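Peer 1: I'd like to ask some things about the structure below.
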Amino acid sequence: MQVTETLNEGLKRGYAITVTAAELEEKVTEKLKEAQPDIELKGFRKGKVPLPLLKKQFGQRLMGESMQEAIDGAMNKHFEDSGDRPALQPEVKMTNEDWKEGDDVNVEMTYEALPEVPELDLTAIEVEKLVVKAADADVDEALESLAKTAQEFEAKDGASEDGDQVVIDFVGKVDGEAFEGGAAEDYPLALGSGSFIPGFEEQLVGVKAGDEKAVEVKFPEEYGAENLAGKDAVFDVTVKEVKAPKAAEINDELAKKFGAEDLEALKGQIRERLEAEYAGAARQVMKRGMLDKLDGMVSFDLPPSLVDAEAKQIAHQLWHEENPEVQGHDHGEIEATDEHKSLAERRVRLGLLLAELGQKAEVEVTEAEMTQAIMSQARQYPGQERQFFEYVRQNPGMQQQLRAPIFEDKVIDLIAEQAKVSEKEISKEELQTAVEALDEE
């Protein structure tokens, strides 16, 4: 087998691989000898079929398999000997398309090699970690929100208002016929909650106990039940009671409803939750600052194929953000601009750098971390969690999408351990401004 270099420009590589006819013949014979003891043909005892007859019977089939194995073996040995790591799957093609049995196999392999990433002194990195303490006013505001969620309703005289609760009986009809699931009795409906079909709750503002009302609505086109989607409907509604909201008192009893021993314990839990949220946002700001520092510290050649693919991805994503009404991908080609390419270069450069740092530090994503990430994603598909788990299990690309951000965060933590990190206490509003600035860049 011969491997000859044909291209070496920047990160582009090209090689001509020749697998001789003798090598192929040897591989086929080896496979036949391996299988011979288990083969039986008419007129021969098991394991006694002559090799020439086996070759005539199975040689053609084994030739293609042997050819692929020989080429794969040559490629693997080349990468092992050269130390090259291809940026994308190498392009491999036969150059003697008129090949026939007895000929050598000539193959051309081209790829872009991943670059050598320079060593970095991580201790030279200086970043700022923003710290925000939860103010008493923030805790009180969160308490009031909790109190609203725990609010109760009490009977009132007069007409209903937005925010009130109406207790109703109703029967829904389409074309004069009642439909399954469209009726209920003593149903407590909070007006303004958006829990019913659009337009339903608004028509019950101003009703009084004892009123009867025909509520006319149209089911949304994308409604879950196909027999109702897009249909006009009339709900015959009887109002049995009108109730006004009564905010829960902020006291120890409220705290116990949320699993705390008393009000002070609940305030402590709220403070911890708020500061955890602030810390998460502050981490994103610090991470951006760290990536900016890293980006300014390194410079190396980038595989054009990776940059082009990333630029197209960025252009495609931004186009959909600007055209949210287009749900599918059956649109015209979206050209990547110089701005997209510049951002793509940064992402590829930092991606390769973080991958190198993580690999050298033997950073790994554990099964437990992957399971947690999958469970978090699965919550977006209530009732279909099992199917989502199965989809991820069978989809390596999806697994990589979930693994990549976990790996990146672990590498960022690794860098932060070695970098010089100074803390700066700021207000919630200043943190918000810093976070908003991330989206503007």
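The way I read the labels, and the way they are meant: chains A, B, ... in the order of the structure tokens, residue 1 as the first residue of every chain, and ligand 1 as the first ligand shown, with later ones counted on from there.
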Can you tell me, as number ranges by chain, what residues are no more than 12 Å from region 287-294 of chain A when counting only C-alpha atoms, ignoring any on the same chain fewer than 6 positions away?

Peer 2: A: 118-130, 279-281, 346-347, 349-354, 357, 408-416, 418-421, 434-435, 437-439, 441

Peer 1: As a list of chain:residue names, list the residues of region 305-342 of chain A assigned to helix (DSSP H, G or I) by DSSP on the backbone atoms of this structure.

Peer 2: A:Ser305, A:Leu306, A:Val307, A:Asp308, A:Ala309, A:Glu310, A:Ala311, A:Lys312, A:Gln313, A:Ile314, A:Ala315, A:His316, A:Gln317, A:Leu318, A:Trp319, A:His320, A:Glu321, A:Glu322, A:Asp338, A:Glu339, A:His340, A:Lys341, A:Ser342

Peer 1: Show which residues sit within 12 Å of Glu180 (chain A), as a list of chain:residue names. Count only C-alpha atoms, and ignore same-chain residues fewer than 6 positions away.

Peer 2: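 What passes the distance filter is A:Val171, A:Gly172, A:Lys173, A:Val174, A:Ala225, A:Asn227, A:Leu228.
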
Peer 1: Output as JSON, numbers by chain all residues of region 163-345 of chain A that backbone DSSP marks as strand (DSSP E or B).

Peer 2: {"A": [165, 166, 167, 168, 169, 170, 171, 172, 173, 174, 177, 178, 179, 180, 181, 182, 183, 184, 185, 186, 187, 188, 189, 190, 212, 213, 214, 215, 216, 217, 218, 232, 233, 234, 235, 236, 237, 238, 239, 240, 241, 242, 243, 244, 245, 246]}

Peer 1: Give me the residues within 8 Å of region 86-89 of chain A as a list in words, counting only C-alpha atoms and dropping any in the same chain fewer than 3 places off.

Peer 2: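 The neighbour list is Tyr111, Glu112, Ala113, Leu114, Pro303, Ser305 and Leu306 of chain A.
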
Peer 1: If you keep N, CA and C atoms, can you produce a file of those selected residues as a short mmCIF file (atom, residue, chain, number, x, y, z; two decimals), in the first residue's frame?

Peer 2:
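Output contents, as saved in result-v7.cif:
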```
data_model
loop_
_atom_site.label_atom_id
_atom_site.label_comp_id
_atom_site.auth_asym_id
_atom_site.auth_seq_id
_atom_site.Cartn_x
_atom_site.Cartn_y
_atom_site.Cartn_z
N TYR A 111 -8.65 16.65 2.86
CA TYR A 111 -9.29 17.12 4.10
C TYR A 111 -8.59 18.39 4.56
N GLU A 112 -9.20 19.04 5.53
CA GLU A 112 -8.58 20.18 6.20
C GLU A 112 -8.19 19.72 7.60
N ALA A 113 -6.94 19.92 7.95
CA ALA A 113 -6.46 19.50 9.26
C ALA A 113 -6.79 20.55 10.31
N LEU A 114 -7.08 20.07 11.50
CA LEU A 114 -7.24 21.01 12.61
C LEU A 114 -5.88 21.62 12.93
N PRO A 303 -9.63 26.27 9.86
CA PRO A 303 -10.12 25.49 8.72
C PRO A 303 -11.25 26.24 8.00
N SER A 305 -13.47 25.35 5.96
CA SER A 305 -14.76 24.65 5.92
C SER A 305 -15.55 24.87 7.21
N LEU A 306 -14.85 24.87 8.35
CA LEU A 306 -15.54 25.11 9.62
C LEU A 306 -16.06 26.54 9.71
#
```

Peer 1: Report as a PyMOL selection string all protein, DNA and RNA residues lying within 7 Å of region 360-366 of chain A, evaluated on only C-alpha atoms, omitting residues in the same chain fewer than 5 positions from it.

Peer 2: chain A and resi 403+406-407

Peer 1: Show which residues sit within 9 Å of region 104-109 of chain A, as a list of chain:residue names. Count only C-alpha atoms, and ignore same-chain residues fewer than 2 positions away.

Peer 2: A:Thr6, A:Arg13, A:Gly14, A:Tyr15, A:Ala16, A:Ile17, A:Thr18, A:Val19, A:Thr20, A:Ala21, A:Ala22, A:Glu23, A:Leu24, A:Met67, A:Ile71, A:Met75, A:Pro90, A:Glu91, A:Val92, A:Lys93, A:Met94, A:Thr95, A:Asn96, A:Glu97, A:Trp99, A:Lys100, A:Glu101, A:Gly102, A:Tyr111

Peer 1: What's the 10 Å shell around region 205-212 of chain A, counting only C-alpha atoms, without same-chain residues fewer than 4 positions away, as a list in words?

Peer 2: Ala155, Lys156, Asp157, Gly158, Ala159, Ser160, Glu161, Asp162, Gly163, Asp164, Gln165, Val166, Val167, Ile168, Asp169, Phe170, Leu191, Gly192, Phe200, Glu201, Asp236, Val237, Thr238, Val239, Lys240, Glu241, Val242 and Lys243 of chain A

Peer 1: Calculated over only C-alpha atoms, which of the candidates A:Ala134, A:Val117, A:Leu7, A:Gln2 has the smallest distance to Ala70 (chain A)?

Peer 2: A:Gln2
